[in-house]
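Colleague: Pasting a structure here, questions to come.
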Amino acid sequence: MKLRNMVWLVCLALVVCLIVVGCDASLQPQQQTAQPIQAEQATQTEIPPQGTPAVEEPIGQSEPEELQRNEEGEGYFGSLSVEGGALTDGNGSVVQLKGVSSHGLSWFPQFVNEDAMRQMKEEWGCNVFRLAMYTEEYNGYCSGDEANRETLKELIDTAVRAAEELKLYIIIDWHILSDNNPLLHKDEAVAFFREMAEKYSDKDHVIYEICNEPNGDTSWEDIREYAEEVIPVIREHTEAVVLVGTPTWSQDIDRAVENPLTGYDNIMYTLHFYAATHKEELRSKMAEAALAGLPVFVSEFGICDASGNGAVDEAEADLWLERINEYNISYVMWNFSNKDESSAMITATSTKTSGFIADDLSQAGKWFVGRMGGELPQVVDEEEGQTDKTDDAVRAVLANSWESNGGVAYQYVATVQNNTDGELSTWKLRLVFNQDIELQDGWNGEYNITGDTLTITPMEYNAVVAQGGAVSDIGFILESAPGLELLEAVME
Ligand code: IDC
């Protein structure tokens with residue numbers, strides 16, 4: 001009797017289990033793939049059924065249970081296309097690009113480097129980097145000479161190649177501004193985009209922004225006329241996403257709603273805002289365009305005023321971000337440089353071009369990284385003794401430390417200062433610690449370790465130091481037991 005009861009009980013339990021599992025599966029068909037996505041990762045969601053206004057069926061960060069992590073991970077989705085007003089990956093799932101824009105490539109070329117791009121991607125959670133190539137202002141593509149044009153194209157190429165490795169999208173931005181009408185430099189634009197599209201025809205991660213901000217009396221008809229000439233040239237080589245600016249510094253997106261370009265796939269229209277200047281009126285315009293099914297891309301925004309300077313308005317910036325996410329719109333923040341203006345993400349006093357810690361970021365920079373859910377290393381344990389033991393020409397500062405692989409990771413930033421009376425043709429640093437170390441990562445130098453001693457020699461590009469000059473941002477991460485101390489840092 002007892003045995004039979006037990007058999008019955010086991011069978012009953014099995015049946016109940018099967019029913020429960022079955023119900024659960026039918027209620028949550030996507031459970032295997034749906035997992036909460038990390039804040040710093042770009043989002044990818046189910047595309048809403050055609051014709052469903054996004055406002056009724058909000059997609060994006062607000063409904064984490066609907067989010068799917070892209071199999072490729074890291075916020076990189078391979079080749080992109082535009083479907084039903086949304087940016088999508090190859091499987092038709094909506095994706096959102098998030099990232100930063102360079103300042104003018106001629107102004108701040110040093111900020112376009114692989115280490116900085118790696119930090120954007122890996123620590124801040126960006127999946128797109130925009131290269132703002134002014135056409136007119138300061139050594140612009142059209143105002144500068146041929147050598148300048150070559151330099152700009154080389155910088156673009158450096159970024160495109162680094163981004164390919166890092167799985168970061170790149171926007172090549174034809175940054176018209178004081179040359180207010182894109183028709184002014186149409187021939188140059190046609191030639192430039194022909195060259196770029198041919199060169200990068202097989203690069204899934206390149207996006208073309210054909211005119212930053214038409215302004216003045218430039219009409220939507222002018223922009224259309226320009227786009228009708230530039231887009232076909234790009235299309236001879238690639239189906240990559242093309243971003244088209246709109247009148248009034250890319251604010252009149254409603255004109256594109258009324259009369260969008262036809263006959264091309266993968267076209268998006270840009271809306272730009274500066275939170276301390278542009279508020280609910282422009283936000284509604286953006287939302288209406290998205291609701292009307294227009295593919296909208298915020299390829300530039302700032303959280304200060306439209307001059308790129310003035311006070312930052314975080315409250316208004318948060319309202320913008322909320323609305324942007326509601327419609328799953330991609331966004332790119334102006335600007336990744338240390339210019340002394342409030343839109344610059346790096347403080348003017350920072351001398352670094354990568355390896356940024358919290359102190360290097362401006363209010364705008366901190367806001368951005370914070371909202372991205374990214375990491376902001378703080379300066380910790382910067383004990384006086386740590387820098388005192390260095391000689392005049394070498395400064396090595398512990399920037400951060402954290403637990404790692406059962407030990408501790410120590411991030412240092414070193415600077416070489418040329419205090420001699422002539423140029424240094426090369427340099428070599430020797431850093432001695434109180435215990436054995438291992439190298440986890442290092443940038444802007446060649447690193448060698450024997451026991452407790454680290455030697456650093458330059459890369460090709462930072463070997464020569466002018467008299468009175470310095471090489472900053474020699475950065476490295478060491479692994480060691482707790483209690484690591486730098487005993488000596490000298491130039492050999
Ligand atoms: C600003 C830069 C500033 C530079 C100026 C050149 O922040 O350092 O001197 O351009 O005219 C835009 C433009 C963008 C502007 C930015 C802030 O796309 O080039 O950058 N802005 O004025 N549209 C609205 C604001």
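Note on naming: chains are A, B, ... as they come in the structure tokens, residues start from 1 per chain, ligands start from 1 in the order shown.
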Set the distance at 10 Å and use only C-alpha atoms: which residues neighbour segment 335-340 of chain A once local chain neighbours fewer than 3 positions away are removed? I'd like the list as number ranges by chain.
Modeller: A: 99-104, 107-112, 116, 129-132, 300-302, 308-309, 332, 343-353, 360-362, 364-365
Colleague: Mind dumping the selected residues with N, CA, C and O atoms as a compact mmCIF listing (two decimals), in the first residue's frame?
Modeller:
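Generated output (selection-v6.txt):
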```
# COMPACT_ATOMS: atom_id res chain seq x y z
N GLY A 99 26.30 57.06 -27.73
CA GLY A 99 27.73 57.33 -27.70
C GLY A 99 28.05 58.81 -27.68
O GLY A 99 27.21 59.63 -27.30
N VAL A 100 29.26 59.11 -28.10
CA VAL A 100 29.73 60.49 -28.03
C VAL A 100 30.26 60.92 -29.39
O VAL A 100 30.59 60.10 -30.24
N SER A 101 30.33 62.24 -29.54
CA SER A 101 30.87 62.82 -30.77
C SER A 101 32.22 63.44 -30.46
O SER A 101 32.40 64.05 -29.40
N SER A 102 33.14 63.31 -31.38
CA SER A 102 34.40 64.04 -31.24
C SER A 102 34.09 65.52 -31.34
O SER A 102 33.01 65.91 -31.80
N HIS A 103 35.02 66.37 -30.94
CA HIS A 103 34.95 67.78 -31.32
C HIS A 103 35.45 67.79 -32.77
O HIS A 103 35.56 66.73 -33.40
N GLY A 104 35.73 68.93 -33.34
CA GLY A 104 36.24 68.97 -34.70
C GLY A 104 37.52 68.14 -34.82
O GLY A 104 38.42 68.28 -33.99
N TRP A 107 40.58 70.14 -34.73
CA TRP A 107 40.82 70.84 -33.47
C TRP A 107 41.46 69.90 -32.43
O TRP A 107 42.40 70.24 -31.77
N PHE A 108 40.83 68.73 -32.28
CA PHE A 108 41.23 67.82 -31.20
C PHE A 108 41.49 66.41 -31.72
O PHE A 108 40.86 65.45 -31.28
N PRO A 109 42.45 66.27 -32.65
CA PRO A 109 42.70 64.93 -33.20
C PRO A 109 43.19 63.94 -32.14
O PRO A 109 42.96 62.74 -32.25
N GLN A 110 43.85 64.48 -31.11
CA GLN A 110 44.45 63.58 -30.10
C GLN A 110 43.41 62.78 -29.32
O GLN A 110 43.73 61.75 -28.73
N PHE A 111 42.16 63.24 -29.34
CA PHE A 111 41.13 62.50 -28.61
C PHE A 111 40.54 61.35 -29.45
O PHE A 111 39.70 60.61 -28.97
N VAL A 112 40.97 61.27 -30.69
CA VAL A 112 40.53 60.15 -31.52
C VAL A 112 41.63 59.10 -31.47
O VAL A 112 42.55 59.09 -32.28
N ALA A 116 41.15 55.61 -25.91
CA ALA A 116 39.97 56.37 -25.50
C ALA A 116 38.71 55.66 -26.00
O ALA A 116 37.71 55.56 -25.28
N PHE A 129 30.68 56.08 -31.96
CA PHE A 129 31.56 57.25 -31.83
C PHE A 129 31.42 58.05 -33.13
O PHE A 129 31.59 57.50 -34.21
N ARG A 130 31.08 59.31 -32.97
CA ARG A 130 30.88 60.15 -34.16
C ARG A 130 32.13 60.98 -34.42
O ARG A 130 32.67 61.61 -33.50
N LEU A 131 32.55 61.00 -35.68
CA LEU A 131 33.72 61.79 -36.07
C LEU A 131 33.23 63.06 -36.75
O LEU A 131 32.74 63.02 -37.88
N ALA A 132 33.33 64.18 -36.02
CA ALA A 132 32.81 65.45 -36.55
C ALA A 132 33.90 66.11 -37.39
O ALA A 132 34.86 66.66 -36.86
N GLU A 300 23.51 64.49 -32.49
CA GLU A 300 24.27 65.44 -31.65
C GLU A 300 23.33 66.07 -30.64
O GLU A 300 22.24 66.51 -30.98
N PHE A 301 23.76 66.10 -29.39
CA PHE A 301 23.03 66.87 -28.38
C PHE A 301 24.02 67.31 -27.32
O PHE A 301 25.10 66.73 -27.16
N GLY A 302 23.65 68.39 -26.62
CA GLY A 302 24.46 68.83 -25.49
C GLY A 302 23.53 69.04 -24.32
O GLY A 302 22.31 69.13 -24.48
N GLY A 308 27.19 75.69 -26.95
CA GLY A 308 28.18 74.67 -26.55
C GLY A 308 28.80 75.03 -25.21
O GLY A 308 29.69 74.35 -24.71
N ASN A 309 28.29 76.12 -24.62
CA ASN A 309 28.85 76.59 -23.35
C ASN A 309 27.70 77.00 -22.42
O ASN A 309 26.55 76.71 -22.69
N VAL A 332 23.84 60.73 -29.45
CA VAL A 332 25.28 60.97 -29.45
C VAL A 332 25.56 62.32 -28.80
O VAL A 332 25.04 63.35 -29.24
N SER A 343 30.22 72.05 -22.82
CA SER A 343 29.79 70.84 -23.56
C SER A 343 30.91 69.81 -23.64
O SER A 343 30.66 68.65 -23.96
N ALA A 344 32.15 70.22 -23.38
CA ALA A 344 33.27 69.28 -23.46
C ALA A 344 33.20 68.32 -22.28
O ALA A 344 32.98 68.72 -21.14
N MET A 345 33.39 67.04 -22.56
CA MET A 345 33.23 66.04 -21.52
C MET A 345 34.45 65.89 -20.62
O MET A 345 34.38 65.33 -19.54
N ILE A 346 35.59 66.36 -21.11
CA ILE A 346 36.82 66.25 -20.32
C ILE A 346 37.16 67.65 -19.79
O ILE A 346 37.01 68.64 -20.51
N THR A 347 37.61 67.73 -18.56
CA THR A 347 37.91 69.05 -17.99
C THR A 347 39.10 69.66 -18.71
O THR A 347 40.01 68.95 -19.16
N ALA A 348 39.09 70.99 -18.76
CA ALA A 348 40.17 71.69 -19.47
C ALA A 348 41.51 71.48 -18.76
O ALA A 348 42.56 71.61 -19.38
N THR A 349 41.48 71.14 -17.49
CA THR A 349 42.74 70.96 -16.76
C THR A 349 43.32 69.56 -16.93
O THR A 349 44.46 69.32 -16.60
N SER A 350 42.54 68.64 -17.44
CA SER A 350 43.06 67.28 -17.65
C SER A 350 43.99 67.29 -18.85
O SER A 350 43.68 67.90 -19.88
N THR A 351 45.10 66.60 -18.71
CA THR A 351 46.04 66.55 -19.84
C THR A 351 45.98 65.19 -20.53
O THR A 351 46.77 64.90 -21.41
N LYS A 352 45.04 64.37 -20.10
CA LYS A 352 44.97 63.01 -20.66
C LYS A 352 44.19 62.97 -21.98
O LYS A 352 43.32 63.81 -22.21
N THR A 353 44.47 61.95 -22.76
CA THR A 353 43.65 61.71 -23.95
C THR A 353 43.03 60.32 -23.89
O THR A 353 42.39 59.88 -24.83
N ASP A 360 38.84 63.63 -14.28
CA ASP A 360 39.10 64.15 -15.62
C ASP A 360 37.82 64.58 -16.33
O ASP A 360 37.87 65.19 -17.39
N LEU A 361 36.68 64.18 -15.79
CA LEU A 361 35.43 64.45 -16.49
C LEU A 361 34.76 65.73 -15.99
O LEU A 361 34.72 66.00 -14.80
N SER A 362 34.22 66.49 -16.94
CA SER A 362 33.47 67.69 -16.61
C SER A 362 32.09 67.28 -16.08
O SER A 362 31.76 66.09 -16.08
N ALA A 364 29.33 67.68 -17.60
CA ALA A 364 28.63 67.02 -18.72
C ALA A 364 29.13 65.59 -18.88
O ALA A 364 28.35 64.66 -19.09
N GLY A 365 30.44 65.41 -18.77
CA GLY A 365 31.02 64.08 -18.90
C GLY A 365 30.52 63.15 -17.82
O GLY A 365 30.17 61.99 -18.08
```
Colleague: Looking only at alpha helix (DSSP H) from DSSP on the backbone, list the matching residues of segment 328-477 of chain A as a list in words.
Modeller: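 Residues meeting the alpha helix (DSSP H) criterion: Gln363, Ala364, Gly365, Lys366, Trp367, Phe368, Val369, Gly370, Arg371, Glu384, Gly385, Gln386, Thr387 and Asp388 of chain A.
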Colleague: For the selection you just gave me, I'd like the residues written to a file as a short mmCIF file (atom, residue, chain, number, x, y, z; two decimals), in the first residue's frame, keeping C-alpha atoms.
Modeller:
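As a result, part_4.cif now contains:
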```cif
data_model
loop_
_atom_site.label_atom_id
_atom_site.label_comp_id
_atom_site.auth_asym_id
_atom_site.auth_seq_id
_atom_site.Cartn_x
_atom_site.Cartn_y
_atom_site.Cartn_z
CA GLN A 363 29.94 67.95 -15.26
CA ALA A 364 28.63 67.02 -18.72
CA GLY A 365 31.02 64.08 -18.90
CA LYS A 366 30.00 62.81 -15.48
CA TRP A 367 26.33 63.18 -16.29
CA PHE A 368 26.75 61.19 -19.48
CA VAL A 369 28.79 58.34 -18.03
CA GLY A 370 26.47 58.19 -15.03
CA ARG A 371 23.34 57.97 -17.18
CA GLU A 384 51.70 61.36 -0.62
CA GLY A 385 54.53 58.89 -0.29
CA GLN A 386 53.56 57.36 -3.58
CA THR A 387 54.58 60.35 -5.60
CA ASP A 388 57.32 61.72 -3.36
#
```
Colleague: With a distance cut-off of 7 Å and only C-alpha atoms, select the neighbouring residues of Val242 of chain A, excluding the residue or stretch itself and same-chain residues fewer than 3 positions from it, and output the selection as a list in words.
Modeller: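 Returned residues: Ile207, Tyr208, Glu209, Asn266, Ile267 and Met268 of chain A.
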Colleague: Just all heavy atoms for this one: save the residues we selected as a PDB file, in the first residue's frame.
Modeller:
```pdb
ATOM      1  N   ILE A 207      28.631  54.474 -40.515  1.00  0.00           N
ATOM      2  CA  ILE A 207      27.384  55.188 -40.801  1.00  0.00           C
ATOM      3  C   ILE A 207      27.778  56.538 -41.403  1.00  0.00           C
ATOM      4  O   ILE A 207      28.781  57.125 -40.980  1.00  0.00           O
ATOM      5  CB  ILE A 207      26.603  55.400 -39.475  1.00  0.00           C
ATOM      6  CG1 ILE A 207      26.154  54.049 -38.912  1.00  0.00           C
ATOM      7  CG2 ILE A 207      25.420  56.350 -39.643  1.00  0.00           C
ATOM      8  CD1 ILE A 207      25.602  54.116 -37.486  1.00  0.00           C
ATOM      9  N   TYR A 208      27.026  57.009 -42.356  1.00  0.00           N
ATOM     10  CA  TYR A 208      27.382  58.263 -43.036  1.00  0.00           C
ATOM     11  C   TYR A 208      26.389  59.360 -42.678  1.00  0.00           C
ATOM     12  O   TYR A 208      25.190  59.202 -42.906  1.00  0.00           O
ATOM     13  CB  TYR A 208      27.403  58.047 -44.558  1.00  0.00           C
ATOM     14  CG  TYR A 208      28.390  56.961 -44.946  1.00  0.00           C
ATOM     15  CD1 TYR A 208      27.999  55.615 -45.040  1.00  0.00           C
ATOM     16  CD2 TYR A 208      29.731  57.274 -45.167  1.00  0.00           C
ATOM     17  CE1 TYR A 208      28.914  54.624 -45.358  1.00  0.00           C
ATOM     18  CE2 TYR A 208      30.657  56.286 -45.485  1.00  0.00           C
ATOM     19  CZ  TYR A 208      30.240  54.960 -45.581  1.00  0.00           C
ATOM     20  OH  TYR A 208      31.152  53.979 -45.887  1.00  0.00           O
ATOM     21  N   GLU A 209      26.897  60.453 -42.123  1.00  0.00           N
ATOM     22  CA  GLU A 209      26.029  61.605 -41.816  1.00  0.00           C
ATOM     23  C   GLU A 209      26.383  62.682 -42.828  1.00  0.00           C
ATOM     24  O   GLU A 209      27.481  63.253 -42.777  1.00  0.00           O
ATOM     25  CB  GLU A 209      26.288  62.083 -40.376  1.00  0.00           C
ATOM     26  CG  GLU A 209      25.388  63.237 -39.982  1.00  0.00           C
ATOM     27  CD  GLU A 209      25.401  63.533 -38.480  1.00  0.00           C
ATOM     28  OE1 GLU A 209      26.161  62.878 -37.731  1.00  0.00           O
ATOM     29  OE2 GLU A 209      24.650  64.423 -38.075  1.00  0.00           O
ATOM     30  N   ASN A 266      17.282  52.544 -45.610  1.00  0.00           N
ATOM     31  CA  ASN A 266      18.250  52.822 -44.538  1.00  0.00           C
ATOM     32  C   ASN A 266      18.627  54.304 -44.406  1.00  0.00           C
ATOM     33  O   ASN A 266      19.794  54.656 -44.255  1.00  0.00           O
ATOM     34  CB  ASN A 266      19.512  51.971 -44.712  1.00  0.00           C
ATOM     35  CG  ASN A 266      19.174  50.502 -44.791  1.00  0.00           C
ATOM     36  OD1 ASN A 266      18.126  50.085 -44.292  1.00  0.00           O
ATOM     37  ND2 ASN A 266      20.022  49.718 -45.419  1.00  0.00           N
ATOM     38  N   ILE A 267      17.610  55.143 -44.492  1.00  0.00           N
ATOM     39  CA  ILE A 267      17.822  56.580 -44.310  1.00  0.00           C
ATOM     40  C   ILE A 267      17.207  56.986 -42.973  1.00  0.00           C
ATOM     41  O   ILE A 267      16.096  56.567 -42.642  1.00  0.00           O
ATOM     42  CB  ILE A 267      17.114  57.399 -45.426  1.00  0.00           C
ATOM     43  CG1 ILE A 267      17.547  56.925 -46.817  1.00  0.00           C
ATOM     44  CG2 ILE A 267      17.338  58.893 -45.237  1.00  0.00           C
ATOM     45  CD1 ILE A 267      18.992  57.136 -47.153  1.00  0.00           C
ATOM     46  N   MET A 268      17.929  57.800 -42.214  1.00  0.00           N
ATOM     47  CA  MET A 268      17.371  58.351 -40.979  1.00  0.00           C
ATOM     48  C   MET A 268      17.549  59.866 -41.005  1.00  0.00           C
ATOM     49  O   MET A 268      18.406  60.384 -41.723  1.00  0.00           O
ATOM     50  CB  MET A 268      18.052  57.746 -39.750  1.00  0.00           C
ATOM     51  CG  MET A 268      17.950  56.237 -39.706  1.00  0.00           C
ATOM     52  SD  MET A 268      18.528  55.524 -38.159  1.00  0.00           S
ATOM     53  CE  MET A 268      17.067  55.642 -37.139  1.00  0.00           C
TER      54      MET A 268
END
```
Colleague: Determine the nearest neighbour of ligand 1 from the options A:Tyr134, A:Tyr269, A:Trp320, A:Phe476, counting only C-alpha atoms and all ligand atoms.
Modeller: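 Checking each candidate against ligand 1, we get A:Tyr134 as the closest.
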Colleague: Could you check the closest approach to ligand 1 for each of A:Ala275, A:Val160, A:Val82, A:Met459 and tell me which residue wins, using only C-alpha atoms and all ligand atoms?
Modeller: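 Smallest distance to ligand 1 is found for A:Ala275.
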Colleague: Determine the nearest neighbour of Asp173 of chain A from the options A:Glu154, A:Glu213, A:Glu198, A:Asp441, counting only C-alpha atoms.
Modeller: A:Glu213
Colleague: Could you list, as a list in words, every residue within 12 Å of Lys285 of chain A, counting only C-alpha atoms and ignoring same-chain residues fewer than 6 positions away?
Modeller: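 Within the cut-off, the hits are Ser250, Gln251, Asp252, Ile253, Asp254, Arg255, Ala256, Val257, Thr270, Leu271, His272, Phe273, His278, Lys279, Leu291, Ala292, Leu294, Val296, Trp320, Arg323 and Ile324 of chain A.
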Colleague: Keeping only N, CA and C atoms, write the selected residues to a file as a PDB file, in the first residue's frame.
Modeller:
```pdb
ATOM      1  N   SER A 250      19.273  71.309 -37.706  1.00  0.00           N
ATOM      2  CA  SER A 250      18.703  69.962 -37.497  1.00  0.00           C
ATOM      3  C   SER A 250      17.649  69.932 -36.383  1.00  0.00           C
ATOM      4  N   GLN A 251      16.775  70.913 -36.447  1.00  0.00           N
ATOM      5  CA  GLN A 251      15.639  70.915 -35.514  1.00  0.00           C
ATOM      6  C   GLN A 251      14.303  70.729 -36.242  1.00  0.00           C
ATOM      7  N   ASP A 252      14.252  71.131 -37.520  1.00  0.00           N
ATOM      8  CA  ASP A 252      12.965  71.068 -38.228  1.00  0.00           C
ATOM      9  C   ASP A 252      12.733  69.688 -38.841  1.00  0.00           C
ATOM     10  N   ILE A 253      12.663  68.729 -37.978  1.00  0.00           N
ATOM     11  CA  ILE A 253      12.489  67.363 -38.451  1.00  0.00           C
ATOM     12  C   ILE A 253      11.078  67.163 -39.013  1.00  0.00           C
ATOM     13  N   ASP A 254      10.177  68.056 -38.625  1.00  0.00           N
ATOM     14  CA  ASP A 254       8.800  67.981 -39.140  1.00  0.00           C
ATOM     15  C   ASP A 254       8.765  68.167 -40.661  1.00  0.00           C
ATOM     16  N   ARG A 255       9.746  68.886 -41.191  1.00  0.00           N
ATOM     17  CA  ARG A 255       9.768  69.067 -42.651  1.00  0.00           C
ATOM     18  C   ARG A 255      10.040  67.729 -43.354  1.00  0.00           C
ATOM     19  N   ALA A 256      10.864  66.910 -42.685  1.00  0.00           N
ATOM     20  CA  ALA A 256      11.153  65.583 -43.247  1.00  0.00           C
ATOM     21  C   ALA A 256       9.934  64.672 -43.122  1.00  0.00           C
ATOM     22  N   VAL A 257       9.147  64.874 -42.063  1.00  0.00           N
ATOM     23  CA  VAL A 257       7.922  64.068 -41.904  1.00  0.00           C
ATOM     24  C   VAL A 257       6.970  64.366 -43.059  1.00  0.00           C
ATOM     25  N   THR A 270      18.037  63.542 -38.794  1.00  0.00           N
ATOM     26  CA  THR A 270      18.600  63.915 -37.505  1.00  0.00           C
ATOM     27  C   THR A 270      17.842  65.048 -36.832  1.00  0.00           C
ATOM     28  N   LEU A 271      17.819  64.951 -35.511  1.00  0.00           N
ATOM     29  CA  LEU A 271      17.320  66.026 -34.666  1.00  0.00           C
ATOM     30  C   LEU A 271      18.416  66.301 -33.637  1.00  0.00           C
ATOM     31  N   HIS A 272      18.775  67.585 -33.499  1.00  0.00           N
ATOM     32  CA  HIS A 272      19.803  67.976 -32.522  1.00  0.00           C
ATOM     33  C   HIS A 272      19.190  68.883 -31.469  1.00  0.00           C
ATOM     34  N   PHE A 273      19.656  68.743 -30.237  1.00  0.00           N
ATOM     35  CA  PHE A 273      19.171  69.656 -29.193  1.00  0.00           C
ATOM     36  C   PHE A 273      20.275  69.960 -28.198  1.00  0.00           C
ATOM     37  N   HIS A 278      16.883  74.104 -25.672  1.00  0.00           N
ATOM     38  CA  HIS A 278      15.723  73.478 -26.327  1.00  0.00           C
ATOM     39  C   HIS A 278      14.967  72.601 -25.343  1.00  0.00           C
ATOM     40  N   LYS A 279      13.670  72.833 -25.246  1.00  0.00           N
ATOM     41  CA  LYS A 279      12.917  72.123 -24.214  1.00  0.00           C
ATOM     42  C   LYS A 279      11.712  71.390 -24.803  1.00  0.00           C
ATOM     43  N   LEU A 291       6.481  59.154 -33.763  1.00  0.00           N
ATOM     44  CA  LEU A 291       5.139  58.572 -33.810  1.00  0.00           C
ATOM     45  C   LEU A 291       4.620  58.459 -35.240  1.00  0.00           C
ATOM     46  N   ALA A 292       5.039  59.422 -36.051  1.00  0.00           N
ATOM     47  CA  ALA A 292       4.605  59.396 -37.458  1.00  0.00           C
ATOM     48  C   ALA A 292       5.365  58.331 -38.246  1.00  0.00           C
ATOM     49  N   LEU A 294       8.720  58.300 -38.707  1.00  0.00           N
ATOM     50  CA  LEU A 294       9.963  58.776 -39.330  1.00  0.00           C
ATOM     51  C   LEU A 294      11.160  58.208 -38.560  1.00  0.00           C
ATOM     52  N   VAL A 296      14.184  58.580 -36.719  1.00  0.00           N
ATOM     53  CA  VAL A 296      14.833  59.742 -36.099  1.00  0.00           C
ATOM     54  C   VAL A 296      16.134  59.301 -35.432  1.00  0.00           C
ATOM     55  N   TRP A 320      14.886  64.899 -21.555  1.00  0.00           N
ATOM     56  CA  TRP A 320      15.206  64.515 -22.943  1.00  0.00           C
ATOM     57  C   TRP A 320      15.525  63.028 -23.036  1.00  0.00           C
ATOM     58  N   ARG A 323      12.555  60.744 -22.822  1.00  0.00           N
ATOM     59  CA  ARG A 323      11.731  60.701 -24.039  1.00  0.00           C
ATOM     60  C   ARG A 323      12.463  59.947 -25.159  1.00  0.00           C
ATOM     61  N   ILE A 324      13.751  60.192 -25.255  1.00  0.00           N
ATOM     62  CA  ILE A 324      14.569  59.514 -26.265  1.00  0.00           C
ATOM     63  C   ILE A 324      14.478  58.000 -26.093  1.00  0.00           C
TER      64      ILE A 324
END
```
Colleague: Choose the residue, out of A:Glu137, A:Glu165, A:Glu146, A:Glu316, that has the smallest atom-to-atom separation from ligand 1; count only C-alpha atoms and all ligand atoms.
Modeller: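 Once distances to ligand 1 are computed over only C-alpha atoms and all ligand atoms, the minimum belongs to A:Glu137.
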Colleague: Write out as a list in words each polymer residue whose atoms come within 10 Å of Asn113 of chain A, counting only C-alpha atoms; drop sequence neighbours fewer than 5 positions from it.
Modeller: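 Final neighbour list, sorted by chain and number: Arg118, Leu155, Thr158, Ala159, Ala162, Ala163, Thr353 and Ser354 of chain A.
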Colleague: Mind checking which residues fall within 6 Å of segment 175-192 of chain A, counting only C-alpha atoms, ignoring those fewer than 2 positions away in the same chain, and posting them as a list in words?
Modeller: Ala132, Met133, Tyr134, Thr135, Asp173, Arg194, Glu195, Cys211, Asn212, Glu213, Pro214, Asn215, Thr218, Tyr226 and Val230 of chain A
Colleague: Between A:Cys304, A:Ile234, A:Val432, A:Ala197, which has the minimum distance to ligand 1 (counting only C-alpha atoms and all ligand atoms)?
Modeller: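 Smallest distance to ligand 1 is found for A:Cys304.
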Colleague: Using only C-alpha atoms, can you tell me which of A:Ile231, A:Met372, A:Ala240, A:Leu152 comes closest to Glu122 of chain A?
Modeller: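 Once distances to Glu122 of chain A are computed over only C-alpha atoms, the minimum belongs to A:Met372.
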Colleague: Got a sec: who's within 7 Å of Glu438 of chain A, counting only C-alpha atoms, leaving out chain neighbours fewer than 4 positions off, as number ranges by chain?
Modeller: A: 478-480
Colleague: Apply DSSP to the structure's backbone, then extract all residues of segment 205-251 of chain A labelled strand (DSSP E or B) and return them as a ChimeraX atom specification.
Modeller: /A:206-209,242-244
Colleague: Quick one: write out the picked residues with all heavy atoms as a CSV table (one decimal), in the first residue's frame?
Modeller:
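Resulting contents of again14.csv:
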```csv
chain,number,residue,atom,x,y,z
A,206,VAL,N,30.2,51.3,-40.2
A,206,VAL,CA,30.3,52.7,-40.6
A,206,VAL,C,28.9,53.3,-41.0
A,206,VAL,O,28.2,52.7,-41.8
A,206,VAL,CB,31.3,52.9,-41.8
A,206,VAL,CG1,31.4,54.3,-42.2
A,206,VAL,CG2,32.7,52.4,-41.3
A,207,ILE,N,28.6,54.5,-40.5
A,207,ILE,CA,27.4,55.2,-40.8
A,207,ILE,C,27.8,56.5,-41.4
A,207,ILE,O,28.8,57.1,-41.0
A,207,ILE,CB,26.6,55.4,-39.5
A,207,ILE,CG1,26.2,54.0,-38.9
A,207,ILE,CG2,25.4,56.4,-39.6
A,207,ILE,CD1,25.6,54.1,-37.5
A,208,TYR,N,27.0,57.0,-42.4
A,208,TYR,CA,27.4,58.3,-43.0
A,208,TYR,C,26.4,59.4,-42.7
A,208,TYR,O,25.2,59.2,-42.9
A,208,TYR,CB,27.4,58.0,-44.6
A,208,TYR,CG,28.4,57.0,-44.9
A,208,TYR,CD1,28.0,55.6,-45.0
A,208,TYR,CD2,29.7,57.3,-45.2
A,208,TYR,CE1,28.9,54.6,-45.4
A,208,TYR,CE2,30.7,56.3,-45.5
A,208,TYR,CZ,30.2,55.0,-45.6
A,208,TYR,OH,31.2,54.0,-45.9
A,209,GLU,N,26.9,60.5,-42.1
A,209,GLU,CA,26.0,61.6,-41.8
A,209,GLU,C,26.4,62.7,-42.8
A,209,GLU,O,27.5,63.3,-42.8
A,209,GLU,CB,26.3,62.1,-40.4
A,209,GLU,CG,25.4,63.2,-40.0
A,209,GLU,CD,25.4,63.5,-38.5
A,209,GLU,OE1,26.2,62.9,-37.7
A,209,GLU,OE2,24.7,64.4,-38.1
A,242,VAL,N,22.4,56.0,-43.7
A,242,VAL,CA,22.7,57.4,-44.0
A,242,VAL,C,21.9,58.3,-43.1
A,242,VAL,O,20.7,58.1,-43.1
A,242,VAL,CB,22.5,57.7,-45.5
A,242,VAL,CG1,22.7,59.2,-45.8
A,242,VAL,CG2,23.5,56.8,-46.4
A,243,LEU,N,22.5,59.3,-42.5
A,243,LEU,CA,21.8,60.2,-41.6
A,243,LEU,C,21.7,61.6,-42.4
A,243,LEU,O,22.7,62.1,-42.9
A,243,LEU,CB,22.5,60.5,-40.3
A,243,LEU,CG,22.9,59.2,-39.5
A,243,LEU,CD1,23.6,59.6,-38.2
A,243,LEU,CD2,21.6,58.4,-39.2
A,244,VAL,N,20.5,62.1,-42.4
A,244,VAL,CA,20.3,63.4,-43.2
A,244,VAL,C,19.9,64.5,-42.2
A,244,VAL,O,19.0,64.3,-41.4
A,244,VAL,CB,19.2,63.2,-44.2
A,244,VAL,CG1,19.0,64.4,-45.1
A,244,VAL,CG2,19.5,62.0,-45.2
```
